[in-house]
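Pasted below: input10.txt, compact mmCIF, C-alpha atoms and all ligand atoms.
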```txt
# COMPACT_ATOMS: atom_id res chain seq x y z
CA MET A 1 90.50 87.47 106.67
CA THR A 2 88.16 89.89 105.02
CA ASN A 3 88.34 93.63 105.07
CA ALA A 4 84.56 93.88 105.49
CA THR A 5 85.30 93.37 109.22
CA VAL A 6 86.75 96.90 109.46
CA GLN A 7 83.57 98.87 110.20
CA GLY A 8 82.22 98.22 106.73
CA VAL A 9 85.27 99.78 105.08
CA ALA A 10 86.09 97.93 101.90
CA ASP A 11 89.49 99.43 101.19
CA LEU A 12 91.77 101.05 103.75
CA GLY A 13 93.44 102.94 100.89
CA ASP A 14 90.17 104.78 100.16
CA PRO A 15 91.07 108.44 100.79
CA HIS A 16 87.52 109.37 101.79
CA ILE A 17 87.65 107.47 105.07
CA TYR A 18 90.40 109.81 106.32
CA GLN A 19 88.26 112.91 105.91
CA THR A 20 86.62 112.60 109.32
CA THR A 21 87.93 111.94 112.82
CA ASP A 22 86.10 108.60 112.73
CA ARG A 23 89.50 107.38 111.57
CA TYR A 24 90.75 107.59 115.16
CA ARG A 25 88.01 105.23 116.36
CA MET A 26 88.78 102.85 113.50
CA TRP A 27 92.51 102.87 114.29
CA GLU A 28 91.87 102.52 118.03
CA LYS A 29 89.93 99.32 117.41
CA LEU A 30 92.52 97.99 114.99
CA VAL A 31 95.43 98.74 117.34
CA ALA A 32 93.57 96.92 120.14
CA GLU A 33 92.99 93.89 117.89
CA ASP A 34 96.63 94.04 116.72
CA ARG A 35 96.07 91.96 113.61
CA ALA A 36 96.75 92.43 109.93
CA VAL A 37 93.84 93.53 107.71
CA TRP A 38 93.66 92.80 103.99
CA SER A 39 92.48 95.43 101.48
CA ALA A 40 91.57 93.82 98.17
CA PRO A 41 92.76 95.41 94.90
CA GLU A 42 91.17 98.81 94.51
CA THR A 43 93.27 101.90 95.40
CA SER A 44 96.16 99.46 95.21
CA PRO A 45 96.18 97.32 92.06
CA GLY A 46 97.42 94.24 93.89
CA GLY A 47 95.84 94.76 97.32
CA PHE A 48 97.78 95.12 100.57
CA TRP A 49 97.91 94.12 104.21
CA SER A 50 97.65 96.82 106.88
CA ILE A 51 99.14 96.84 110.37
CA PHE A 52 98.54 99.30 113.18
CA SER A 53 100.18 98.63 116.56
CA HIS A 54 103.43 100.36 117.53
CA GLN A 55 105.22 97.03 117.77
CA ALA A 56 103.99 95.67 114.43
CA CYS A 57 104.85 98.91 112.62
CA SER A 58 108.29 99.08 114.27
CA GLU A 59 108.98 95.47 113.27
CA LEU A 60 107.99 96.12 109.64
CA LEU A 61 110.40 99.06 109.42
CA ALA A 62 113.26 97.57 111.47
CA PRO A 63 116.67 97.53 109.72
CA ASN A 64 116.85 93.75 109.23
CA ALA A 65 113.20 93.11 108.48
CA PRO A 66 112.54 91.11 105.28
CA PHE A 67 110.94 94.06 103.49
CA THR A 68 111.97 96.52 100.81
CA SER A 69 110.98 100.02 99.70
CA GLU A 70 112.32 99.50 96.19
CA TYR A 71 108.92 98.79 94.65
CA GLY A 72 107.53 102.01 96.19
CA MET A 73 106.60 103.26 99.67
CA MET A 74 103.00 104.36 99.18
CA ILE A 75 99.68 102.68 98.48
CA GLY A 76 99.31 102.16 94.74
CA PHE A 77 102.71 100.56 94.27
CA ASP A 78 103.59 96.89 94.70
CA ARG A 79 105.89 94.28 93.15
CA ASP A 80 103.84 94.05 89.96
CA HIS A 81 103.22 97.82 89.77
CA PRO A 82 106.51 99.31 90.96
CA ASP A 83 107.43 102.96 91.42
CA LYS A 84 109.58 103.89 88.43
CA ALA A 85 111.88 105.81 90.77
CA GLY A 86 112.69 102.57 92.66
CA GLY A 87 116.44 102.09 93.14
CA ARG A 88 117.13 105.65 91.97
CA MET A 89 115.38 107.92 94.51
CA LEU A 90 116.50 107.93 98.15
CA VAL A 91 113.25 106.95 99.84
CA VAL A 92 112.63 104.05 97.42
CA SER A 93 116.17 102.67 97.20
CA GLU A 94 117.94 100.11 99.36
CA GLY A 95 121.44 98.80 100.11
CA SER A 96 124.51 100.51 98.68
CA ARG A 97 122.45 102.83 96.47
CA HIS A 98 120.46 104.03 99.47
CA ASN A 99 123.70 104.54 101.46
CA GLN A 100 125.24 106.55 98.63
CA LEU A 101 122.22 108.83 98.21
CA ARG A 102 121.80 109.27 101.96
CA ARG A 103 125.51 110.19 102.30
CA LEU A 104 125.18 112.81 99.55
CA ILE A 105 121.92 114.36 100.75
CA ALA A 106 122.37 114.06 104.55
CA PRO A 107 124.73 117.04 105.05
CA PHE A 108 122.03 119.37 103.71
CA LEU A 109 119.32 118.06 106.02
CA SER A 110 121.44 117.30 109.11
CA ARG A 111 121.34 118.82 112.58
CA THR A 112 124.30 121.04 111.61
CA SER A 113 122.39 122.27 108.60
CA ALA A 114 119.33 122.87 110.80
CA GLN A 115 121.51 124.87 113.22
CA SER A 116 123.01 126.93 110.41
CA LEU A 117 119.49 127.65 109.10
CA SER A 118 118.22 128.60 112.54
CA ALA A 119 118.56 132.38 112.02
CA PHE A 120 116.87 132.04 108.61
CA MET A 121 113.99 130.05 110.16
CA HIS A 122 113.48 132.61 112.95
CA GLN A 123 113.44 135.39 110.38
CA GLU A 124 110.86 133.52 108.27
CA VAL A 125 108.69 132.79 111.31
CA THR A 126 108.80 136.45 112.37
CA GLU A 127 107.70 137.48 108.89
CA ILE A 128 104.91 134.86 108.76
CA LEU A 129 103.56 136.00 112.13
CA ARG A 130 103.87 139.67 111.15
CA ARG A 131 101.78 138.99 108.05
CA LEU A 132 99.29 136.94 110.05
CA ARG A 133 98.93 139.81 112.45
CA THR A 134 98.73 142.70 110.08
CA ASP A 135 98.36 141.83 106.44
CA GLY A 136 94.74 140.96 105.78
CA SER A 137 95.33 141.06 102.04
CA SER A 138 97.84 138.22 101.83
CA ILE A 139 96.17 136.11 104.51
CA LYS A 140 92.47 135.37 104.21
CA SER A 141 91.20 137.41 107.13
CA THR A 142 87.46 137.84 107.43
CA ALA A 143 84.75 137.51 110.01
CA THR A 144 85.28 133.78 109.60
CA GLY A 145 88.83 134.10 110.90
CA GLN A 146 92.11 133.08 109.39
CA ASP A 147 92.68 129.75 107.72
CA ILE A 148 96.03 128.48 108.97
CA ALA A 149 96.03 125.40 106.72
CA SER A 150 95.88 127.11 103.37
CA HIS A 151 97.74 130.32 104.11
CA VAL A 152 100.30 129.59 106.81
CA GLY A 153 101.11 125.86 106.95
CA SER A 154 103.24 125.64 103.84
CA ARG A 155 105.15 128.91 104.11
CA LEU A 156 107.90 127.96 106.57
CA PRO A 157 108.64 124.47 105.17
CA ALA A 158 108.63 125.88 101.64
CA ALA A 159 111.06 128.65 102.56
CA VAL A 160 113.43 126.14 104.17
CA VAL A 161 113.32 123.57 101.35
CA CYS A 162 113.72 126.25 98.69
CA GLU A 163 116.75 127.57 100.59
CA LEU A 164 118.29 124.06 100.63
CA LEU A 165 117.66 123.57 96.94
CA GLY A 166 118.84 127.08 96.01
CA ILE A 167 115.40 128.11 94.68
CA PRO A 168 115.00 131.90 94.69
CA ALA A 169 112.29 133.42 96.92
CA SER A 170 110.54 134.71 93.79
CA ASP A 171 109.88 131.10 92.66
CA ARG A 172 108.71 129.76 96.03
CA ASP A 173 104.97 130.19 95.49
CA LEU A 174 105.22 128.53 92.09
CA VAL A 175 107.16 125.53 93.43
CA VAL A 176 104.99 125.15 96.54
CA GLY A 177 101.84 125.38 94.44
CA LEU A 178 103.16 122.55 92.28
CA THR A 179 104.01 120.33 95.27
CA ASN A 180 100.51 120.96 96.69
CA HIS A 181 99.05 119.73 93.41
CA ALA A 182 101.46 116.81 93.17
CA PHE A 183 100.33 115.61 96.60
CA GLY A 184 96.74 116.86 96.63
CA GLY A 185 95.14 113.74 95.12
CA LYS A 186 91.53 114.48 94.21
CA GLU A 187 91.28 117.40 96.65
CA PRO A 188 88.88 120.01 95.18
CA ALA A 189 91.31 122.89 95.93
CA PHE A 190 93.85 121.33 93.60
CA ALA A 191 91.46 120.12 90.92
CA ASP A 192 92.88 122.50 88.32
CA MET A 193 95.95 120.32 87.81
CA GLU A 194 96.42 116.54 87.88
CA PRO A 195 99.16 115.27 90.26
CA SER A 196 101.04 113.77 87.29
CA GLU A 197 101.06 117.12 85.48
CA ALA A 198 102.31 118.88 88.64
CA HIS A 199 105.12 116.32 88.91
CA THR A 200 106.08 116.88 85.29
CA GLN A 201 106.22 120.63 85.89
CA ILE A 202 108.33 120.19 89.04
CA LEU A 203 110.79 118.06 87.11
CA SER A 204 110.98 120.51 84.25
CA TYR A 205 111.58 123.34 86.76
CA PHE A 206 114.53 121.37 88.12
CA VAL A 207 115.87 120.71 84.62
CA ASP A 208 116.36 124.48 84.42
CA VAL A 209 117.91 124.60 87.90
CA ILE A 210 120.42 121.92 86.88
CA VAL A 211 121.38 123.85 83.75
CA ARG A 212 121.88 127.01 85.83
CA ARG A 213 123.92 125.24 88.55
CA ARG A 214 126.14 123.58 85.98
CA ALA A 215 126.96 127.03 84.60
CA ALA A 216 127.24 128.68 88.01
CA PRO A 217 127.68 126.28 90.97
CA GLY A 218 126.26 127.36 94.34
CA ASP A 219 126.36 125.92 97.87
CA ASP A 220 123.05 124.09 97.52
CA LEU A 221 121.95 120.46 97.26
CA VAL A 222 121.60 120.51 93.45
CA THR A 223 125.23 121.63 93.11
CA ALA A 224 126.37 118.87 95.51
CA LEU A 225 124.46 116.18 93.58
CA LEU A 226 126.02 117.44 90.33
CA ALA A 227 129.52 117.57 91.86
CA ASP A 228 129.36 113.90 92.88
CA GLY A 229 129.61 113.04 89.20
CA SER A 230 127.99 109.60 89.49
CA LEU A 231 124.33 110.60 89.16
CA LYS A 232 122.48 111.01 85.88
CA ASP A 233 120.47 114.21 85.51
CA SER A 234 117.27 112.16 85.77
CA GLU A 235 118.46 110.83 89.15
CA ILE A 236 119.29 114.34 90.38
CA LEU A 237 115.80 115.40 89.34
CA ILE A 238 113.92 112.71 91.21
CA ASN A 239 116.01 113.19 94.36
CA CYS A 240 115.27 116.93 94.32
CA ASP A 241 111.63 115.95 93.97
CA ASN A 242 112.02 113.64 97.01
CA VAL A 243 113.45 116.43 99.19
CA LEU A 244 110.96 118.99 97.90
CA ILE A 245 107.91 116.83 98.55
CA GLY A 246 109.32 115.17 101.70
CA GLY A 247 110.13 118.58 103.16
CA ASN A 248 106.89 120.35 102.29
CA GLU A 249 104.00 117.97 102.31
CA THR A 250 104.42 116.62 105.83
CA THR A 251 105.89 119.61 107.64
CA ARG A 252 103.11 121.97 106.53
CA HIS A 253 100.57 119.80 108.36
CA ALA A 254 102.83 119.69 111.43
CA VAL A 255 102.93 123.52 111.35
CA THR A 256 99.13 123.68 111.10
CA GLY A 257 99.02 120.96 113.79
CA CYS A 258 100.86 123.34 116.16
CA PHE A 259 98.04 125.88 115.92
CA HIS A 260 95.43 123.12 116.28
CA ALA A 261 97.23 121.73 119.34
CA LEU A 262 97.43 125.18 120.95
CA ALA A 263 93.71 125.76 120.33
CA GLU A 264 92.70 122.43 121.87
CA ASN A 265 95.13 122.75 124.77
CA PRO A 266 95.07 126.36 126.01
CA GLU A 267 97.38 125.55 128.92
CA ILE A 268 100.31 124.91 126.58
CA LEU A 269 101.17 128.49 125.56
CA PRO A 270 101.49 129.78 129.16
CA ALA A 271 103.46 126.64 130.08
CA LEU A 272 105.93 127.21 127.23
CA ARG A 273 106.27 130.86 128.16
CA ALA A 274 106.99 129.99 131.79
CA GLU A 275 109.40 127.20 130.91
CA PRO A 276 110.90 127.48 127.40
CA ALA A 277 112.81 124.23 127.98
CA LEU A 278 109.45 122.45 127.48
CA ILE A 279 109.39 123.43 123.80
CA SER A 280 111.28 120.34 122.64
CA ALA A 281 108.82 118.09 124.52
CA ALA A 282 105.96 120.04 122.90
CA VAL A 283 107.47 119.54 119.44
CA GLU A 284 107.73 115.76 119.94
CA GLU A 285 104.24 115.52 121.37
CA ILE A 286 102.72 117.56 118.51
CA LEU A 287 104.55 115.34 116.02
CA ARG A 288 103.08 112.25 117.70
CA TRP A 289 99.60 113.72 118.09
CA ALA A 290 99.39 115.22 114.58
CA SER A 291 101.36 112.41 112.83
CA PRO A 292 101.36 114.07 109.40
CA ALA A 293 102.78 111.07 107.49
CA MET A 294 99.81 108.70 107.33
CA HIS A 295 101.36 105.51 106.02
CA VAL A 296 104.47 103.85 104.65
CA LEU A 297 104.42 100.75 102.48
CA ARG A 298 106.90 97.91 102.14
CA VAL A 299 107.01 94.70 100.05
CA SER A 300 108.13 91.41 101.60
CA THR A 301 111.40 89.93 100.31
CA ARG A 302 110.63 86.41 101.62
CA PRO A 303 107.73 84.58 103.26
CA THR A 304 107.28 86.01 106.76
CA VAL A 305 104.79 86.91 109.48
CA VAL A 306 103.34 90.39 110.19
CA ALA A 307 101.07 91.01 113.18
CA GLY A 308 100.48 87.25 113.39
CA GLN A 309 99.60 86.97 109.70
CA GLU A 310 101.64 84.69 107.43
CA ILE A 311 102.43 86.34 104.12
CA ASP A 312 104.26 85.23 100.98
CA GLU A 313 107.21 86.88 99.31
CA GLY A 314 106.34 89.95 97.18
CA VAL A 315 103.34 91.09 99.24
CA ALA A 316 102.63 94.76 100.06
CA VAL A 317 102.23 95.72 103.73
CA VAL A 318 101.24 99.15 105.01
CA ALA A 319 102.14 100.59 108.43
CA TRP A 320 99.62 103.24 109.60
CA LEU A 321 101.81 105.63 111.58
CA PRO A 322 99.11 107.77 113.30
CA ALA A 323 97.52 104.53 114.58
CA ALA A 324 100.85 103.34 116.04
CA ASN A 325 101.38 106.81 117.54
CA ARG A 326 98.16 106.42 119.51
CA ASP A 327 98.84 102.87 120.68
CA PRO A 328 97.74 103.01 124.35
CA GLY A 329 100.21 100.26 125.28
CA VAL A 330 103.06 102.66 124.45
CA PHE A 331 101.40 106.06 124.95
CA PRO A 332 99.01 106.13 127.93
CA SER A 333 95.96 108.39 127.27
CA PRO A 334 97.12 108.60 123.66
CA SER A 335 94.66 111.21 122.41
CA GLU A 336 95.83 113.67 125.09
CA LEU A 337 98.65 116.04 124.32
CA ARG A 338 100.95 115.83 127.34
CA LEU A 339 104.13 117.85 127.75
CA ASP A 340 105.36 115.42 130.42
CA ARG A 341 105.19 112.39 128.12
CA HIS A 342 108.47 110.58 128.55
CA PRO A 343 109.72 108.55 126.81
CA ASN A 344 108.02 109.56 123.58
CA ARG A 345 109.04 106.89 121.07
CA HIS A 346 106.71 108.09 118.33
CA LEU A 347 106.98 106.87 114.75
CA ALA A 348 106.05 110.18 113.09
CA PHE A 349 109.37 110.14 111.23
CA GLY A 350 109.19 106.42 110.49
CA HIS A 351 111.78 103.99 111.84
CA GLY A 352 114.84 102.07 110.68
CA LEU A 353 117.07 102.78 107.68
CA HIS A 354 114.61 105.18 106.02
CA HIS A 355 113.99 107.19 109.21
CA CYS A 356 113.25 110.72 108.00
CA LEU A 357 116.42 112.44 106.87
CA GLY A 358 114.76 115.84 107.37
CA ALA A 359 113.78 115.16 111.02
CA ALA A 360 116.29 117.66 112.46
CA LEU A 361 115.11 120.34 110.05
CA ALA A 362 111.44 119.69 110.77
CA ARG A 363 112.12 119.79 114.53
CA ALA A 364 114.04 123.06 114.15
CA GLU A 365 111.18 124.61 112.14
CA LEU A 366 108.57 123.64 114.73
CA THR A 367 110.84 124.84 117.56
CA ALA A 368 111.28 128.24 115.91
CA LEU A 369 107.52 128.47 115.41
CA LEU A 370 106.57 127.48 118.98
CA GLU A 371 109.19 129.84 120.45
CA ALA A 372 107.75 132.74 118.48
CA LEU A 373 104.14 131.78 119.24
CA ALA A 374 104.87 131.50 122.97
CA ASN A 375 106.25 135.04 122.90
CA THR A 376 103.59 136.68 120.78
CA LEU A 377 100.32 134.80 121.16
CA ASP A 378 97.93 134.67 124.10
CA SER A 379 95.56 132.06 122.75
CA VAL A 380 94.08 130.40 119.67
CA ASP A 381 90.33 129.91 119.24
CA LEU A 382 89.03 127.34 116.77
CA LEU A 383 86.17 128.83 114.77
CA ALA A 384 85.05 125.46 113.49
CA GLU A 385 86.25 121.88 113.58
CA PRO A 386 89.26 121.33 111.30
CA GLN A 387 88.50 120.03 107.82
CA TRP A 388 90.65 117.11 106.75
CA MET A 389 92.03 116.27 103.33
CA SER A 390 90.68 113.33 101.44
CA VAL A 391 94.07 111.66 100.88
CA ASN A 392 95.76 108.59 102.34
CA GLN A 393 99.42 109.73 102.24
CA VAL A 394 99.18 112.49 104.82
CA GLN A 395 96.96 113.24 107.78
CA GLY A 396 96.43 116.64 106.27
CA TYR A 397 94.45 119.73 107.21
CA ARG A 398 92.26 121.11 104.43
CA ALA A 399 91.21 124.04 106.63
CA LEU A 400 91.87 125.17 110.18
CA PRO A 401 89.83 128.36 110.75
CA VAL A 402 91.03 130.19 113.86
CA VAL A 403 90.98 133.51 115.63
CA LEU A 404 94.38 134.44 117.03
CA HIS A 405 94.59 136.54 120.19
CA TRP A 406 97.92 138.34 120.20
CA ARG A 407 99.77 139.57 123.27
C1 LIG A 501 111.59 110.02 105.05
C2 LIG A 501 108.01 111.87 107.78
C3 LIG A 501 109.95 116.30 107.25
C4 LIG A 501 112.91 114.55 103.85
C5 LIG A 501 110.49 110.14 105.88
C6 LIG A 501 109.72 109.03 106.40
C7 LIG A 501 108.71 109.55 107.14
C8 LIG A 501 108.85 110.98 107.11
C9 LIG A 501 107.61 108.79 107.87
C10 LIG A 501 110.02 107.54 106.18
C11 LIG A 501 109.53 107.03 104.86
C12 LIG A 501 109.70 105.54 104.76
O1 LIG A 501 110.08 104.87 105.70
O2 LIG A 501 109.41 105.01 103.67
C13 LIG A 501 108.24 113.23 107.88
C14 LIG A 501 107.48 114.13 108.72
C15 LIG A 501 108.04 115.37 108.58
C16 LIG A 501 109.14 115.25 107.64
C17 LIG A 501 106.30 113.73 109.58
C18 LIG A 501 107.65 116.69 109.20
C19 LIG A 501 106.97 116.81 110.31
C20 LIG A 501 110.93 116.21 106.29
C21 LIG A 501 111.74 117.32 105.81
C22 LIG A 501 112.55 116.82 104.82
C23 LIG A 501 112.27 115.40 104.71
C24 LIG A 501 111.65 118.75 106.36
C25 LIG A 501 113.56 117.53 103.96
C26 LIG A 501 113.72 118.81 103.84
C27 LIG A 501 112.83 113.17 103.92
C28 LIG A 501 113.66 112.29 103.12
C29 LIG A 501 113.29 110.97 103.48
C30 LIG A 501 112.23 111.10 104.47
C31 LIG A 501 114.72 112.73 102.11
C32 LIG A 501 113.86 109.68 102.93
C33 LIG A 501 114.88 109.09 103.87
C34 LIG A 501 115.40 107.75 103.42
O3 LIG A 501 114.72 107.05 102.67
O4 LIG A 501 116.52 107.37 103.82
N1 LIG A 501 109.94 111.32 106.34
N2 LIG A 501 109.21 113.95 107.23
N3 LIG A 501 111.29 115.07 105.61
N4 LIG A 501 112.00 112.43 104.72
FE1 LIG A 501 110.69 113.19 106.04
```
Mind turning this structure into structure tokens?
Amino acid sequence: MTNATVQGVADLGDPHIYQTTDRYRMWEKLVAEDRAVWSAPETSPGGFWSIFSHQACSELLAPNAPFTSEYGMMIGFDRDHPDKAGGRMLVVSEGSRHNQLRRLIAPFLSRTSAQSLSAFMHQEVTEILRRLRTDGSSIKSTATGQDIASHVGSRLPAAVVCELLGIPASDRDLVVGLTNHAFGGKEPAFADMEPSEAHTQILSYFVDVIVRRRAAPGDDLVTALLADGSLKDSEILINCDNVLIGGNETTRHAVTGCFHALAENPEILPALRAEPALISAAVEEILRWASPAMHVLRVSTRPTVVAGQEIDEGVAVVAWLPAANRDPGVFPSPSELRLDRHPNRHLAFGHGLHHCLGAALARAELTALLEALANTLDSVDLLAEPQWMSVNQVQGYRALPVVLHWR
């Protein structure tokens, strides 16, 4: 099997191929073929297999599948080049360690937590929309419209994650700026700081937070991780990093995706206004359609078969979630955004034991946003096609220039 068969693409980890919507045509073909595709060592030092269909991706991530996250869960890591956080950070740990970390962190990201943060989220959304409407100085507002991606997308997720971690509002822009850089790859907007440097700065910020929480405990996640008593400071740091990045870097593109979805589907806003009960269906459908998490990686723990391909033990396999979320065998007319789609078994939050722990929070954020938009906005006009980030971890908006027509 050679990767040259994929429309001349040498390496499916190459971030540049995700910069245009040609990716949908590539994924459509690969889902239809439902086979595994090999990418030789390049973005990944050891190479990796890719799979695309809903069934193949679900099987890879299923609880008893012979795969592990402990070597890393993104392209670039494999058995011979493991993520140093493996076995110590929630998303890249397995077994009893994973259970322990999930038990400690879950109460802060649970449905109950999302409900208790509901008033806070509504308040934040109201403020974001007020600024969008009136404050041309904090939001880029010119004849070319307003760019949702760079000025709106990250605000709500950042506010929520900072609240969970006990980060004061005055530090939010600093922390969000650092996570943007940590996840921005070679994106020109973030060229002033290398991702590794941004990570170092995030960790050193949390060193200070730990010192402060030790002296004066709060009711936040850092205090809870300290109170457990079994985690080293370095483990507390990387798990804060996990929640910070997990909570910001996907949700901000889902927030921007809401505006994009409303622009492309003008019938949605009136429908949500007429029948607010449709908002939860809209949230699920936008998550499926926008699929902000682009891939997850696993390494095989024994010889096995993926998408009909035999693989040895210790081999990296990547599930492309937006491809699976447009698998026509599971989602008829997959590129259409349909509020009556039922069931909607999308994989936007992954699947299995590592299913997103922040799913309830993300859903609550998008619900608060759509509720407010349904009440205040008549329509969204796209001023130009969205620009996409040149990264392979997220299906991310670089720019979404719009004109908003308020009620
Ligand atoms: C895990 C996507 C929002 C925290 C995951 C995974 C995906 C995902 C695909 C699975 C990773 C894997 O299997 O290796 C998303 C999307 C979001 C979102 C699309 C928004 C639309 C959030 C939020 C938080 C969060 C708001 C926290 C505030 C986490 C954590 C994990 C995780 C801690 C690791 C769970 C585990 O390994 O047991 N997310 N996420 N995520 N997410 Fe999210």
Please identify all polymer residues within 8 Å of region 342-347 of chain A, counting all atoms listed in the file, omitting same-chain residues fewer than 6 positions from it, and present them as a list in words.
->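 Listing them by chain and then by number gives His54, Ser58, Glu284, Glu285, Leu287, Arg288, Leu321, Ala324, Asn325 and Phe331 of chain A.
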Any idea what's packed within 10 Å of region 29-36 of chain A, counting all atoms listed in the file, ignoring anything in its chain fewer than 4 positions away? Could you give it as a PyMOL selection string?
-> chain A and resi 1+3+6-7+23-25+48-56+305-310+317-320+323-324+326-329
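You will find CA of Pro63 (chain A) at 18.2 Å from CA of Gly86 (chain A).
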Residue nearest Ser118 (chain A) among A:Gly218, A:Ile17, A:Leu225, A:Val160 (counting all atoms listed in the file) = A:Val160
Counting all atoms listed in the file, which protein, DNA or RNA residues come within 6 Å of ligand LIG 501 (chain A), given as number ranges by chain?
-> A: 73, 90-91, 102, 161, 242-243, 246-247, 250-251, 254, 292-293, 296, 348-350, 354-359, 361-362
Restricted to C-alpha atoms, what would the selected residues look like written as a CSV table (one decimal), in the coordinates of the input?
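The resulting result.csv:
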```
chain,number,residue,atom,x,y,z
A,73,MET,CA,106.6,103.3,99.7
A,90,LEU,CA,116.5,107.9,98.2
A,91,VAL,CA,113.2,107.0,99.8
A,102,ARG,CA,121.8,109.3,102.0
A,161,VAL,CA,113.3,123.6,101.4
A,242,ASN,CA,112.0,113.6,97.0
A,243,VAL,CA,113.4,116.4,99.2
A,246,GLY,CA,109.3,115.2,101.7
A,247,GLY,CA,110.1,118.6,103.2
A,250,THR,CA,104.4,116.6,105.8
A,251,THR,CA,105.9,119.6,107.6
A,254,ALA,CA,102.8,119.7,111.4
A,292,PRO,CA,101.4,114.1,109.4
A,293,ALA,CA,102.8,111.1,107.5
A,296,VAL,CA,104.5,103.8,104.6
A,348,ALA,CA,106.0,110.2,113.1
A,349,PHE,CA,109.4,110.1,111.2
A,350,GLY,CA,109.2,106.4,110.5
A,354,HIS,CA,114.6,105.2,106.0
A,355,HIS,CA,114.0,107.2,109.2
A,356,CYS,CA,113.2,110.7,108.0
A,357,LEU,CA,116.4,112.4,106.9
A,358,GLY,CA,114.8,115.8,107.4
A,359,ALA,CA,113.8,115.2,111.0
A,361,LEU,CA,115.1,120.3,110.0
A,362,ALA,CA,111.4,119.7,110.8
```
Spatial neighbours of Glu94 (chain A), 8 Å, all atoms listed in the file, chain gap at least 3 places, as a ChimeraX atom specification | /A:68-70,87,97-99
Fewer than 2 positions away in the same chain doesn't count, so skip those; otherwise give me all residues within 12 Å of Ile245 (chain A), counting all atoms listed in the file, as an MDAnalysis selection string.
-> chainID A and resid 91 154 157:158 161:162 165 175:184 198:199 202:203 238:243 247:252 293 358 393:394
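Among the candidate residues A:Thr20, A:Val211, A:Asp11, A:Asp80, the one lying nearest to Trp38 (chain A) is A:Asp11, with distances computed using all atoms listed in the file.
The environment of Leu366 (chain A) within 8 Å, counting only C-alpha atoms and disregarding residues fewer than 6 places along the same chain, consists of Ala254, Val255, Cys258 and Val283 of chain A.
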Between CA of Ser96 (chain A) and CA of Arg214 (chain A), measure the distance and give it in Å to one decimal.
-> 26.4 Å
So, counting all atoms listed in the file, which residue among A:Ala159, A:Ala119, A:Met89, A:Met74 is closest to Asn392 (chain A)?
->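 Between A:Ala159, A:Ala119, A:Met89, A:Met74, the residue approaching Asn392 (chain A) most closely is A:Met74.
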Work out how far CA of Arg363 (chain A) is from CA of Thr112 (chain A), in Å to one decimal.
-> 12.6 Å
In terms of the shortest atom-to-atom distance over all atoms listed in the file, which of A:Gln19, A:His351, A:Pro168, A:Gly396 is closest to Cys57 (chain A)?
-> A:His351
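Distance check against Leu369 (chain A) using only C-alpha atoms: of A:Thr126, A:Ser230, A:Ser110, A:Gln146, the minimum falls on A:Thr126.
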Residues around (98.4, 129.3, 125.6), cut-off 12 Å, counting all atoms listed in the file - what are they as a PDB file with C-alpha atoms, keeping the file's coordinate frame?
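What landed in result37.pdb:
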```
ATOM      1  CA  CYS A 258     100.860 123.340 116.160  1.00  0.00           C
ATOM      2  CA  PHE A 259      98.040 125.880 115.920  1.00  0.00           C
ATOM      3  CA  HIS A 260      95.430 123.120 116.280  1.00  0.00           C
ATOM      4  CA  ALA A 261      97.230 121.730 119.340  1.00  0.00           C
ATOM      5  CA  LEU A 262      97.430 125.180 120.950  1.00  0.00           C
ATOM      6  CA  ALA A 263      93.710 125.760 120.330  1.00  0.00           C
ATOM      7  CA  GLU A 264      92.700 122.430 121.870  1.00  0.00           C
ATOM      8  CA  ASN A 265      95.130 122.750 124.770  1.00  0.00           C
ATOM      9  CA  PRO A 266      95.070 126.360 126.010  1.00  0.00           C
ATOM     10  CA  GLU A 267      97.380 125.550 128.920  1.00  0.00           C
ATOM     11  CA  ILE A 268     100.310 124.910 126.580  1.00  0.00           C
ATOM     12  CA  LEU A 269     101.170 128.490 125.560  1.00  0.00           C
ATOM     13  CA  PRO A 270     101.490 129.780 129.160  1.00  0.00           C
ATOM     14  CA  ALA A 271     103.460 126.640 130.080  1.00  0.00           C
ATOM     15  CA  LEU A 272     105.930 127.210 127.230  1.00  0.00           C
ATOM     16  CA  ARG A 273     106.270 130.860 128.160  1.00  0.00           C
ATOM     17  CA  ALA A 274     106.990 129.990 131.790  1.00  0.00           C
ATOM     18  CA  LEU A 370     106.570 127.480 118.980  1.00  0.00           C
ATOM     19  CA  GLU A 371     109.190 129.840 120.450  1.00  0.00           C
ATOM     20  CA  LEU A 373     104.140 131.780 119.240  1.00  0.00           C
ATOM     21  CA  ALA A 374     104.870 131.500 122.970  1.00  0.00           C
ATOM     22  CA  ASN A 375     106.250 135.040 122.900  1.00  0.00           C
ATOM     23  CA  THR A 376     103.590 136.680 120.780  1.00  0.00           C
ATOM     24  CA  LEU A 377     100.320 134.800 121.160  1.00  0.00           C
ATOM     25  CA  ASP A 378      97.930 134.670 124.100  1.00  0.00           C
ATOM     26  CA  SER A 379      95.560 132.060 122.750  1.00  0.00           C
ATOM     27  CA  VAL A 380      94.080 130.400 119.670  1.00  0.00           C
ATOM     28  CA  ASP A 381      90.330 129.910 119.240  1.00  0.00           C
ATOM     29  CA  LEU A 404      94.380 134.440 117.030  1.00  0.00           C
ATOM     30  CA  HIS A 405      94.590 136.540 120.190  1.00  0.00           C
ATOM     31  CA  TRP A 406      97.920 138.340 120.200  1.00  0.00           C
ATOM     32  CA  ARG A 407      99.770 139.570 123.270  1.00  0.00           C
TER      33      ARG A 407
END
```
A:Leu237, A:Met193, A:Ile286, A:Val330 ranked by distance to Arg88 (chain A), top pick (using all atoms listed in the file) | A:Leu237
